[in-house]
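Here is query.cif, consisting of mmCIF, C-alpha atoms and all ligand atoms:
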```
data_structure
#
loop_
_atom_site.label_atom_id
_atom_site.label_comp_id
_atom_site.auth_asym_id
_atom_site.auth_seq_id
_atom_site.Cartn_x
_atom_site.Cartn_y
_atom_site.Cartn_z
CA MET A 1 -22.83 -18.25 -39.79
CA ASN A 2 -25.34 -17.48 -37.02
CA ILE A 3 -24.49 -14.75 -34.57
CA ILE A 4 -26.05 -12.88 -31.66
CA LEU A 5 -25.34 -9.17 -31.22
CA LEU A 6 -25.76 -8.52 -27.53
CA GLY A 7 -25.66 -5.17 -25.78
CA PRO A 8 -27.79 -2.63 -23.92
CA PRO A 9 -30.17 -0.21 -25.66
CA GLY A 10 -28.19 2.08 -27.96
CA ALA A 11 -25.10 -0.16 -28.05
CA GLY A 12 -25.25 -0.19 -31.85
CA LYS A 13 -26.86 -3.60 -32.53
CA GLY A 14 -29.12 -2.27 -35.28
CA THR A 15 -26.40 -0.10 -36.84
CA GLN A 16 -23.91 -2.98 -36.94
CA SER A 17 -26.55 -5.44 -38.20
CA ALA A 18 -27.23 -3.18 -41.17
CA GLY A 19 -23.50 -3.20 -42.00
CA LEU A 20 -23.29 -6.98 -41.75
CA VAL A 21 -26.29 -7.36 -44.08
CA GLU A 22 -24.59 -5.11 -46.61
CA ARG A 23 -21.09 -6.57 -46.35
CA HIS A 24 -21.91 -10.27 -45.94
CA GLY A 25 -25.45 -10.78 -47.23
CA MET A 26 -26.61 -11.98 -43.82
CA LYS A 27 -30.18 -11.46 -42.62
CA GLN A 28 -30.97 -9.26 -39.63
CA LEU A 29 -33.56 -10.76 -37.28
CA SER A 30 -34.47 -7.90 -34.94
CA THR A 31 -37.33 -8.68 -32.58
CA GLY A 32 -37.61 -4.93 -31.87
CA ASP A 33 -38.15 -4.20 -35.58
CA MET A 34 -40.61 -7.11 -35.90
CA LEU A 35 -42.60 -5.86 -32.90
CA ARG A 36 -42.64 -2.26 -34.20
CA ALA A 37 -43.94 -3.58 -37.55
CA ALA A 38 -46.67 -5.51 -35.69
CA VAL A 39 -47.64 -2.40 -33.70
CA LYS A 40 -47.85 -0.38 -36.92
CA ALA A 41 -49.98 -3.04 -38.63
CA GLN A 42 -52.17 -3.31 -35.49
CA THR A 43 -51.96 -7.11 -35.43
CA PRO A 44 -53.01 -8.93 -32.21
CA VAL A 45 -49.31 -9.27 -31.28
CA GLY A 46 -48.80 -5.56 -31.95
CA MET A 47 -51.81 -4.61 -29.79
CA GLU A 48 -50.42 -6.69 -26.92
CA ALA A 49 -46.85 -5.38 -27.29
CA LYS A 50 -47.50 -1.66 -27.78
CA ALA A 51 -47.98 -0.52 -24.17
CA VAL A 52 -45.26 -2.86 -22.87
CA MET A 53 -42.75 -1.40 -25.34
CA GLU A 54 -43.75 2.16 -24.54
CA ARG A 55 -43.01 1.45 -20.87
CA GLY A 56 -39.59 0.03 -21.85
CA GLU A 57 -40.40 -3.40 -20.42
CA LEU A 58 -39.91 -6.77 -22.10
CA VAL A 59 -42.61 -8.36 -24.24
CA SER A 60 -43.43 -12.01 -23.38
CA ASP A 61 -40.91 -14.72 -24.24
CA GLN A 62 -43.59 -16.65 -26.09
CA ILE A 63 -44.36 -13.79 -28.48
CA VAL A 64 -40.75 -12.98 -29.43
CA SER A 65 -39.65 -16.61 -29.73
CA SER A 66 -42.57 -17.30 -32.08
CA LEU A 67 -41.51 -14.34 -34.22
CA ILE A 68 -37.94 -15.67 -34.45
CA ASP A 69 -39.19 -19.19 -35.15
CA GLU A 70 -41.36 -18.01 -38.07
CA ASN A 71 -38.73 -15.71 -39.56
CA LEU A 72 -35.87 -18.18 -39.34
CA ALA A 73 -37.92 -20.95 -40.92
CA ALA A 74 -38.56 -18.69 -43.94
CA MET A 75 -34.84 -18.12 -44.58
CA PRO A 76 -32.71 -20.05 -47.08
CA GLY A 77 -30.60 -22.57 -45.14
CA ASP A 78 -27.30 -21.15 -46.39
CA GLN A 79 -27.99 -17.52 -45.39
CA GLY A 80 -26.38 -16.36 -42.14
CA ALA A 81 -28.59 -14.93 -39.39
CA ILE A 82 -27.88 -11.99 -37.08
CA PHE A 83 -29.98 -12.06 -33.92
CA ASP A 84 -30.40 -8.41 -32.92
CA GLY A 85 -32.07 -7.87 -29.55
CA TYR A 86 -32.88 -11.56 -29.11
CA PRO A 87 -32.49 -13.54 -26.89
CA ARG A 88 -33.07 -11.24 -23.90
CA THR A 89 -33.92 -13.74 -21.14
CA GLY A 90 -32.80 -17.20 -20.10
CA ALA A 91 -36.03 -18.67 -21.45
CA GLN A 92 -35.44 -17.01 -24.85
CA ALA A 93 -31.86 -18.33 -24.93
CA ALA A 94 -33.21 -21.86 -24.41
CA ASP A 95 -35.88 -21.27 -27.08
CA LEU A 96 -33.23 -20.10 -29.54
CA ASP A 97 -31.18 -23.26 -29.03
CA ARG A 98 -34.26 -25.33 -29.85
CA ILE A 99 -35.21 -23.20 -32.86
CA LEU A 100 -31.67 -23.33 -34.31
CA GLU A 101 -31.48 -27.08 -33.87
CA LYS A 102 -34.83 -27.56 -35.58
CA ASN A 103 -33.48 -25.60 -38.57
CA GLY A 104 -30.17 -27.48 -38.68
CA ARG A 105 -28.20 -24.42 -37.57
CA LYS A 106 -25.76 -23.72 -34.79
CA LEU A 107 -24.69 -20.60 -32.97
CA ASP A 108 -21.21 -19.48 -34.05
CA HIS A 109 -20.64 -16.26 -32.12
CA VAL A 110 -22.16 -14.12 -29.41
CA ILE A 111 -20.71 -10.64 -29.88
CA GLU A 112 -21.09 -8.38 -26.88
CA LEU A 113 -20.94 -4.66 -27.65
CA GLY A 114 -19.37 -3.04 -24.60
CA VAL A 115 -20.49 0.54 -24.02
CA ASP A 116 -20.37 3.34 -21.52
CA VAL A 117 -23.90 3.59 -20.13
CA ASP A 118 -23.76 7.42 -19.83
CA ALA A 119 -23.05 7.72 -23.55
CA LEU A 120 -26.05 5.57 -24.38
CA VAL A 121 -28.71 8.06 -23.36
CA GLU A 122 -27.08 10.57 -25.74
CA ARG A 123 -27.02 8.01 -28.52
CA ILE A 124 -30.63 7.00 -28.07
CA THR A 125 -32.14 10.43 -27.65
CA GLY A 126 -30.25 11.57 -30.81
CA ARG A 127 -31.44 8.63 -32.89
CA PHE A 128 -33.85 8.92 -35.82
CA SER A 129 -34.61 6.85 -38.88
CA CYS A 130 -35.93 7.21 -42.39
CA ALA A 131 -39.73 6.92 -42.33
CA ASN A 132 -39.63 5.20 -45.72
CA CYS A 133 -36.77 2.64 -45.64
CA GLY A 134 -35.81 2.56 -41.94
CA ALA A 135 -32.15 3.58 -42.43
CA LEU A 136 -30.72 4.61 -39.03
CA TYR A 137 -29.18 7.99 -38.24
CA HIS A 138 -28.01 10.08 -35.32
CA ASP A 139 -28.28 13.87 -34.90
CA THR A 140 -24.52 14.34 -34.45
CA ALA A 141 -22.70 10.97 -34.81
CA ASN A 142 -24.32 9.80 -38.03
CA PRO A 143 -26.46 12.40 -39.84
CA PRO A 144 -27.51 11.93 -43.50
CA SER A 145 -24.81 13.26 -45.89
CA LYS A 146 -27.29 15.76 -47.27
CA GLU A 147 -29.39 17.37 -44.55
CA GLY A 148 -33.00 16.25 -44.59
CA GLU A 149 -32.50 13.57 -47.27
CA CYS A 150 -32.09 9.83 -46.66
CA ASP A 151 -28.76 8.51 -48.06
CA VAL A 152 -30.34 5.19 -48.94
CA CYS A 153 -33.69 6.01 -50.57
CA GLY A 154 -33.76 9.82 -50.91
CA SER A 155 -36.89 10.21 -48.76
CA HIS A 156 -37.35 13.49 -46.87
CA GLU A 157 -39.39 12.01 -44.04
CA PHE A 158 -37.83 10.87 -40.79
CA LYS A 159 -39.20 9.56 -37.50
CA ARG A 160 -38.21 8.92 -33.88
CA ARG A 161 -39.15 5.91 -31.76
CA PRO A 162 -41.84 6.38 -29.09
CA ASP A 163 -39.65 4.59 -26.51
CA ASP A 164 -36.62 6.84 -27.00
CA TYR A 165 -37.25 9.15 -24.05
CA GLU A 166 -34.88 9.36 -21.13
CA GLU A 167 -37.19 7.80 -18.53
CA THR A 168 -38.14 4.85 -20.75
CA VAL A 169 -34.51 4.40 -21.74
CA ARG A 170 -33.66 4.02 -18.05
CA THR A 171 -36.27 1.25 -17.68
CA ARG A 172 -34.87 -0.46 -20.80
CA MET A 173 -31.36 -0.34 -19.27
CA ASP A 174 -32.68 -1.83 -16.00
CA GLU A 175 -34.38 -4.64 -17.93
CA TYR A 176 -31.09 -5.33 -19.74
CA ARG A 177 -29.10 -5.48 -16.50
CA ALA A 178 -31.65 -7.62 -14.66
CA LYS A 179 -32.74 -10.06 -17.37
CA THR A 180 -30.40 -10.00 -20.37
CA ALA A 181 -26.87 -9.64 -18.96
CA PRO A 182 -27.36 -12.84 -16.89
CA ILE A 183 -27.59 -14.95 -20.08
CA LEU A 184 -23.94 -14.20 -20.94
CA PRO A 185 -22.27 -16.71 -18.56
CA GLY A 186 -24.13 -19.57 -20.26
CA TYR A 187 -22.63 -18.59 -23.62
CA GLU A 188 -19.23 -17.95 -22.04
CA ALA A 189 -19.23 -21.53 -20.81
CA ARG A 190 -19.68 -22.57 -24.46
CA ARG A 191 -16.68 -20.38 -25.44
CA ILE A 192 -18.53 -18.47 -28.14
CA VAL A 193 -18.51 -14.97 -26.61
CA SER A 194 -16.35 -12.16 -28.04
CA ARG A 195 -16.32 -8.63 -26.68
CA VAL A 196 -16.06 -5.60 -28.91
CA ASP A 197 -15.55 -2.03 -27.73
CA GLY A 198 -18.78 -0.42 -28.90
CA MET A 199 -17.57 3.08 -28.01
CA GLY A 200 -15.41 3.38 -31.12
CA GLY A 201 -16.66 4.91 -34.36
CA ILE A 202 -19.20 2.90 -36.39
CA ASP A 203 -16.56 1.73 -38.92
CA GLU A 204 -14.11 0.83 -36.19
CA VAL A 205 -16.73 -1.34 -34.45
CA ALA A 206 -17.60 -2.93 -37.80
CA GLY A 207 -13.92 -3.78 -38.39
CA ALA A 208 -13.66 -5.43 -34.98
CA ILE A 209 -16.78 -7.52 -35.69
CA ASP A 210 -15.46 -8.59 -39.11
CA ALA A 211 -12.20 -9.67 -37.49
CA ILE A 212 -14.17 -12.02 -35.23
CA LEU A 213 -16.17 -13.46 -38.12
CA SER A 214 -13.17 -14.05 -40.41
P1 LIG B 1 -35.08 -3.02 -29.48
O1 LIG B 1 -35.59 -2.44 -30.71
O2 LIG B 1 -34.27 -4.27 -29.56
O3 LIG B 1 -34.27 -1.91 -28.71
P2 LIG B 1 -32.99 -1.96 -27.76
O4 LIG B 1 -32.39 -3.26 -27.39
O5 LIG B 1 -33.40 -1.11 -26.62
O6 LIG B 1 -31.85 -1.41 -28.59
P3 LIG B 1 -31.89 -0.20 -29.55
O7 LIG B 1 -32.55 -0.57 -30.82
O8 LIG B 1 -32.40 1.01 -28.81
O9 LIG B 1 -30.32 0.04 -29.74
P4 LIG B 1 -29.30 -0.58 -30.76
O10 LIG B 1 -28.29 -1.36 -29.97
O11 LIG B 1 -29.96 -1.27 -31.89
O12 LIG B 1 -28.58 0.76 -31.23
P5 LIG B 1 -28.62 1.50 -32.65
O13 LIG B 1 -27.80 0.76 -33.65
O14 LIG B 1 -30.02 1.87 -33.01
O15 LIG B 1 -36.27 -3.28 -28.48
C1 LIG B 1 -37.28 -2.31 -28.25
C2 LIG B 1 -38.34 -2.89 -27.33
O16 LIG B 1 -38.98 -4.01 -27.96
C3 LIG B 1 -37.83 -3.44 -25.99
O17 LIG B 1 -37.69 -2.41 -25.03
C4 LIG B 1 -38.91 -4.46 -25.66
O18 LIG B 1 -40.06 -3.82 -25.16
C5 LIG B 1 -39.25 -5.06 -27.02
N1 LIG B 1 -38.41 -6.22 -27.36
C6 LIG B 1 -37.56 -6.33 -28.43
N2 LIG B 1 -36.96 -7.53 -28.44
C7 LIG B 1 -37.42 -8.21 -27.37
C8 LIG B 1 -37.15 -9.49 -26.81
N3 LIG B 1 -36.27 -10.33 -27.39
N4 LIG B 1 -37.82 -9.85 -25.69
C9 LIG B 1 -38.73 -9.04 -25.11
N5 LIG B 1 -39.02 -7.80 -25.56
C10 LIG B 1 -38.36 -7.39 -26.67
O19 LIG B 1 -27.80 2.83 -32.28
C11 LIG B 1 -28.37 3.84 -31.44
C12 LIG B 1 -27.98 5.22 -31.96
O20 LIG B 1 -26.57 5.39 -31.84
C13 LIG B 1 -28.28 5.46 -33.46
O21 LIG B 1 -28.70 6.80 -33.62
C14 LIG B 1 -26.94 5.21 -34.17
O22 LIG B 1 -26.82 6.00 -35.36
C15 LIG B 1 -25.93 5.65 -33.10
N6 LIG B 1 -24.71 4.84 -33.11
C16 LIG B 1 -24.61 3.49 -33.31
N7 LIG B 1 -23.34 3.09 -33.23
C17 LIG B 1 -22.60 4.19 -32.96
C18 LIG B 1 -21.20 4.42 -32.76
N8 LIG B 1 -20.31 3.42 -32.81
N9 LIG B 1 -20.80 5.69 -32.49
C19 LIG B 1 -21.69 6.71 -32.43
N10 LIG B 1 -23.03 6.57 -32.62
C20 LIG B 1 -23.48 5.32 -32.89
MG MG B 2 -31.97 -1.66 -32.43
#
```

What do you get writing this file as structure tokens?
Ligand code: AP5
Ligand code: MG
Amino acid sequence: MNIILLGPPGAGKGTQSAGLVERHGMKQLSTGDMLRAAVKAQTPVGMEAKAVMERGELVSDQIVSSLIDENLAAMPGDQGAIFDGYPRTGAQAADLDRILEKNGRKLDHVIELGVDVDALVERITGRFSCANCGALYHDTANPPSKEGECDVCGSHEFKRRPDDYEETVRTRMDEYRAKTAPILPGYEARRIVSRVDGMGGIDEVAGAIDAILS
């Protein structure tokens, strides 16, 4: 099974990907996570992407498609892939078709997480993650069960993303509306798009996604 999770910043793509990995043994391919790892490791890709990401703009199609190409090729053929935050432009959507075909895979579902844009700023500015294992949390909607301790690995260190400020979030939303939303009609024509109400609780959204995959 190969699926795309599509939705604006803060829609819950990363949160729902983590659930799918746990419940179904799929692999999450998040270009955002790959780019943040490259920035941290100060690779040439990371150096090029850093300022672009901090402005909330999109990194070049060539860079992100190469990352997906490399990561997908390294996966066992029978493991399902979740594309989180990719594709984000028409050119990336075309690249993904080519990359999937090369790996003998096909796209089964595009799941669009529908959300109320006003709620997103709240979600994003409240987001933090474990500095050790990357587990995702939210100040009010999804805090660790024991304050100050990661549920997954027990670490006491947490961090926030440098692009999670209101002004940058607004640019990220504009980029989504202008460049990413227009790729949906192409998938609709292929009859593989399902919409899920992303405003429900995390478990409710997960249940709706599982119903589509079953
Ligand atoms: P990326 O990392 O992909 O960020 P994004 O698309 O802006 O999305 P987010 O990660 O902010 O949101 P999410 O939908 O994953 O929500 P989450 O689950 O965390 O990209 C970052 C940057 O990298 C881009 O701006 C760009 O520069 C670059 N980039 C990446 N991919 C690229 C590409 N393909 N092309 C070009 N450039 C690219 O949830 C958010 C918060 O809400 C969390 O705190 C969570 O706990 C909480 N939450 C989640 N679900 C719920 C719920 N149902 N109810 C209540 N709270 C919830
Ligand atoms: Mg994410």

- Item | Polymer residues at most 9 Å from Gly85 (chain A), all atoms listed in the file, same-chain spacing of 4 or more positions, as a list of chain:residue names | A:Ile4, A:Leu5, A:Leu6, A:Gly7, A:Pro8, A:Pro9, A:Lys13, A:Gly14, A:Leu29, A:Ser30, A:Thr31, A:Gly32

- Message: Would you pick out the contacts of Ala38 (chain A) at 9 Å or less, using all atoms listed in the file, so that residues sharing its chain but fewer than 5 positions from it are not included, and give the list as JSON, numbers by chain?
- Response: {"A": [33, 43, 44, 45, 46, 47, 49, 50]}

- Choose the residue, out of A:Ile209, A:Gln62, A:Asp203, A:Val196, that has the smallest atom-to-atom separation from Leu113 (chain A); count only C-alpha atoms. A:Val196

- Minimum-distance residue to Asp116 (chain A), chosen among A:Gly90, A:Gly56, A:Pro76, A:Gly200 (using all atoms listed in the file):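 Looking at the shortest contact to Asp116 (chain A), the residue is A:Gly200.
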
List every residue of chain A that has an atom at most 7 Å from any atom of ligand LIG 1 (chain B), and for each one report the closest atom pair and its distance in Å to one decimal, counting all atoms listed in the file, with rows sorted by chain and then by increasing residue number, as a Markdown table.
```
| residue | atom | partner | partner_atom | distance |
| --- | --- | --- | --- | --- |
| A:Gly7 | CA | B:LIG1 | O10 | 6.2 |
| A:Pro8 | CA | B:LIG1 | O4 | 5.8 |
| A:Pro9 | CA | B:LIG1 | O5 | 3.5 |
| A:Gly10 | CA | B:LIG1 | O9 | 3.4 |
| A:Ala11 | CA | B:LIG1 | O10 | 3.9 |
| A:Gly12 | CA | B:LIG1 | O13 | 3.3 |
| A:Lys13 | CA | B:LIG1 | O10 | 3.7 |
| A:Gly14 | CA | B:LIG1 | O11 | 3.6 |
| A:Thr15 | CA | B:LIG1 | O13 | 3.6 |
| A:Gln16 | CA | B:LIG1 | O13 | 6.3 |
| A:Ser30 | CA | B:LIG1 | O2 | 6.5 |
| A:Thr31 | CA | B:LIG1 | N2 | 4.3 |
| A:Gly32 | CA | B:LIG1 | O1 | 3.4 |
| A:Asp33 | CA | B:LIG1 | O1 | 5.8 |
| A:Leu35 | CA | B:LIG1 | O16 | 6.4 |
| A:Val52 | CA | B:LIG1 | O18 | 5.8 |
| A:Met53 | CA | B:LIG1 | O18 | 3.6 |
| A:Gly56 | CA | B:LIG1 | O17 | 4.4 |
| A:Glu57 | CA | B:LIG1 | O18 | 4.8 |
| A:Leu58 | CA | B:LIG1 | N5 | 3.7 |
| A:Val59 | CA | B:LIG1 | N5 | 3.9 |
| A:Ser60 | CA | B:LIG1 | C9 | 5.8 |
| A:Asp61 | CA | B:LIG1 | N4 | 5.9 |
| A:Val64 | CA | B:LIG1 | N3 | 5.6 |
| A:Asp84 | CA | B:LIG1 | O2 | 6.6 |
| A:Gly85 | CA | B:LIG1 | O2 | 4.2 |
| A:Tyr86 | CA | B:LIG1 | N3 | 4.0 |
| A:Pro87 | CA | B:LIG1 | N3 | 5.0 |
| A:Arg88 | CA | B:LIG1 | N3 | 4.8 |
| A:Arg123 | CA | B:LIG1 | O20 | 4.3 |
| A:Ile124 | CA | B:LIG1 | C12 | 5.0 |
| A:Gly126 | CA | B:LIG1 | O21 | 5.7 |
| A:Arg127 | CA | B:LIG1 | O21 | 3.4 |
| A:Phe128 | CA | B:LIG1 | O21 | 6.0 |
| A:Leu136 | CA | B:LIG1 | O22 | 5.5 |
| A:Tyr137 | CA | B:LIG1 | O22 | 4.2 |
| A:His138 | CA | B:LIG1 | O21 | 3.8 |
| A:Ala141 | CA | B:LIG1 | N10 | 4.9 |
| A:Asn142 | CA | B:LIG1 | O22 | 5.3 |
| A:Arg172 | CA | B:LIG1 | O17 | 5.4 |
| A:Gly198 | CA | B:LIG1 | N8 | 5.7 |
| A:Met199 | CA | B:LIG1 | N8 | 5.5 |
| A:Gly200 | CA | B:LIG1 | N8 | 5.2 |
| A:Gly201 | CA | B:LIG1 | N8 | 4.2 |
| A:Ile202 | CA | B:LIG1 | N8 | 3.8 |
| A:Val205 | CA | B:LIG1 | N8 | 6.2 |
```

- Item | Pick from A:Gly134, A:Pro144, A:Gly25, A:Gly207 nearest to ligand MG 2 (chain B), counting all atoms listed in the file | A:Gly134

- Query: Quick one, how far is CA of His156 (chain A) from CA of Ile82 (chain A)?
  - Reply: 28.9 Å

- Nearest candidate to ligand MG 2 (chain B) (options A:Asp164, A:Gly154, A:Asp97, A:Thr89; using only C-alpha atoms and all ligand atoms): A:Asp164

- Query: Separation of CA of Pro143 (chain A) and CA of Lys159 (chain A), in Å?
  - Reply: 13.3 Å

Can you take the partial region 73-83 of chain A, add all heavy atoms, and return it as a PDB file, in the frame of the given file?
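And here is the file that came out, selection_14.pdb:
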```
ATOM      1  N   ALA A  73     -37.461 -19.851 -40.075  1.00  0.00           N
ATOM      2  CA  ALA A  73     -37.920 -20.950 -40.920  1.00  0.00           C
ATOM      3  C   ALA A  73     -38.065 -20.500 -42.370  1.00  0.00           C
ATOM      4  O   ALA A  73     -37.913 -21.289 -43.298  1.00  0.00           O
ATOM      5  CB  ALA A  73     -39.241 -21.496 -40.388  1.00  0.00           C
ATOM      6  N   ALA A  74     -38.340 -19.203 -42.573  1.00  0.00           N
ATOM      7  CA  ALA A  74     -38.560 -18.690 -43.940  1.00  0.00           C
ATOM      8  C   ALA A  74     -37.249 -18.361 -44.657  1.00  0.00           C
ATOM      9  O   ALA A  74     -37.261 -18.006 -45.823  1.00  0.00           O
ATOM     10  CB  ALA A  74     -39.439 -17.437 -43.854  1.00  0.00           C
ATOM     11  N   MET A  75     -36.119 -18.491 -43.958  1.00  0.00           N
ATOM     12  CA  MET A  75     -34.840 -18.120 -44.580  1.00  0.00           C
ATOM     13  C   MET A  75     -34.198 -19.282 -45.327  1.00  0.00           C
ATOM     14  O   MET A  75     -34.308 -20.419 -44.897  1.00  0.00           O
ATOM     15  CB  MET A  75     -33.842 -17.680 -43.479  1.00  0.00           C
ATOM     16  CG  MET A  75     -34.038 -16.265 -43.014  1.00  0.00           C
ATOM     17  SD  MET A  75     -32.989 -15.908 -41.583  1.00  0.00           S
ATOM     18  CE  MET A  75     -31.338 -16.240 -42.223  1.00  0.00           C
ATOM     19  N   PRO A  76     -33.473 -18.977 -46.430  1.00  0.00           N
ATOM     20  CA  PRO A  76     -32.710 -20.050 -47.080  1.00  0.00           C
ATOM     21  C   PRO A  76     -31.678 -20.598 -46.101  1.00  0.00           C
ATOM     22  O   PRO A  76     -31.096 -19.834 -45.324  1.00  0.00           O
ATOM     23  CB  PRO A  76     -31.991 -19.324 -48.236  1.00  0.00           C
ATOM     24  CG  PRO A  76     -32.581 -17.962 -48.337  1.00  0.00           C
ATOM     25  CD  PRO A  76     -33.295 -17.666 -47.052  1.00  0.00           C
ATOM     26  N   GLY A  77     -31.466 -21.914 -46.121  1.00  0.00           N
ATOM     27  CA  GLY A  77     -30.600 -22.570 -45.140  1.00  0.00           C
ATOM     28  C   GLY A  77     -29.166 -22.072 -45.157  1.00  0.00           C
ATOM     29  O   GLY A  77     -28.466 -22.145 -44.149  1.00  0.00           O
ATOM     30  N   ASP A  78     -28.714 -21.547 -46.317  1.00  0.00           N
ATOM     31  CA  ASP A  78     -27.300 -21.150 -46.390  1.00  0.00           C
ATOM     32  C   ASP A  78     -27.089 -19.657 -46.092  1.00  0.00           C
ATOM     33  O   ASP A  78     -25.992 -19.153 -46.225  1.00  0.00           O
ATOM     34  CB  ASP A  78     -26.719 -21.499 -47.766  1.00  0.00           C
ATOM     35  CG  ASP A  78     -27.479 -20.830 -48.903  1.00  0.00           C
ATOM     36  OD1 ASP A  78     -28.499 -20.150 -48.642  1.00  0.00           O
ATOM     37  OD2 ASP A  78     -27.054 -20.983 -50.065  1.00  0.00           O
ATOM     38  N   GLN A  79     -28.164 -18.942 -45.720  1.00  0.00           N
ATOM     39  CA  GLN A  79     -27.990 -17.520 -45.390  1.00  0.00           C
ATOM     40  C   GLN A  79     -27.724 -17.366 -43.895  1.00  0.00           C
ATOM     41  O   GLN A  79     -28.427 -17.953 -43.064  1.00  0.00           O
ATOM     42  CB  GLN A  79     -29.246 -16.730 -45.778  1.00  0.00           C
ATOM     43  CG  GLN A  79     -29.056 -15.223 -45.617  1.00  0.00           C
ATOM     44  CD  GLN A  79     -30.304 -14.422 -46.012  1.00  0.00           C
ATOM     45  OE1 GLN A  79     -31.423 -14.918 -45.955  1.00  0.00           O
ATOM     46  NE2 GLN A  79     -30.083 -13.180 -46.403  1.00  0.00           N
ATOM     47  N   GLY A  80     -26.720 -16.575 -43.546  1.00  0.00           N
ATOM     48  CA  GLY A  80     -26.380 -16.360 -42.140  1.00  0.00           C
ATOM     49  C   GLY A  80     -27.411 -15.482 -41.455  1.00  0.00           C
ATOM     50  O   GLY A  80     -28.011 -14.605 -42.085  1.00  0.00           O
ATOM     51  N   ALA A  81     -27.615 -15.713 -40.150  1.00  0.00           N
ATOM     52  CA  ALA A  81     -28.590 -14.930 -39.390  1.00  0.00           C
ATOM     53  C   ALA A  81     -27.899 -14.102 -38.309  1.00  0.00           C
ATOM     54  O   ALA A  81     -26.981 -14.575 -37.639  1.00  0.00           O
ATOM     55  CB  ALA A  81     -29.613 -15.854 -38.739  1.00  0.00           C
ATOM     56  N   ILE A  82     -28.355 -12.845 -38.169  1.00  0.00           N
ATOM     57  CA  ILE A  82     -27.880 -11.990 -37.080  1.00  0.00           C
ATOM     58  C   ILE A  82     -29.060 -11.801 -36.132  1.00  0.00           C
ATOM     59  O   ILE A  82     -30.085 -11.225 -36.514  1.00  0.00           O
ATOM     60  CB  ILE A  82     -27.514 -10.574 -37.586  1.00  0.00           C
ATOM     61  CG1 ILE A  82     -26.597 -10.642 -38.795  1.00  0.00           C
ATOM     62  CG2 ILE A  82     -26.902  -9.745 -36.460  1.00  0.00           C
ATOM     63  CD1 ILE A  82     -26.683  -9.377 -39.653  1.00  0.00           C
ATOM     64  N   PHE A  83     -28.928 -12.266 -34.912  1.00  0.00           N
ATOM     65  CA  PHE A  83     -29.980 -12.060 -33.920  1.00  0.00           C
ATOM     66  C   PHE A  83     -29.698 -10.743 -33.210  1.00  0.00           C
ATOM     67  O   PHE A  83     -28.700 -10.611 -32.515  1.00  0.00           O
ATOM     68  CB  PHE A  83     -30.051 -13.247 -32.958  1.00  0.00           C
ATOM     69  CG  PHE A  83     -30.391 -14.525 -33.669  1.00  0.00           C
ATOM     70  CD1 PHE A  83     -29.394 -15.410 -34.053  1.00  0.00           C
ATOM     71  CD2 PHE A  83     -31.702 -14.799 -34.013  1.00  0.00           C
ATOM     72  CE1 PHE A  83     -29.700 -16.569 -34.754  1.00  0.00           C
ATOM     73  CE2 PHE A  83     -32.028 -15.948 -34.718  1.00  0.00           C
ATOM     74  CZ  PHE A  83     -31.026 -16.840 -35.091  1.00  0.00           C
TER      75      PHE A  83
END
```
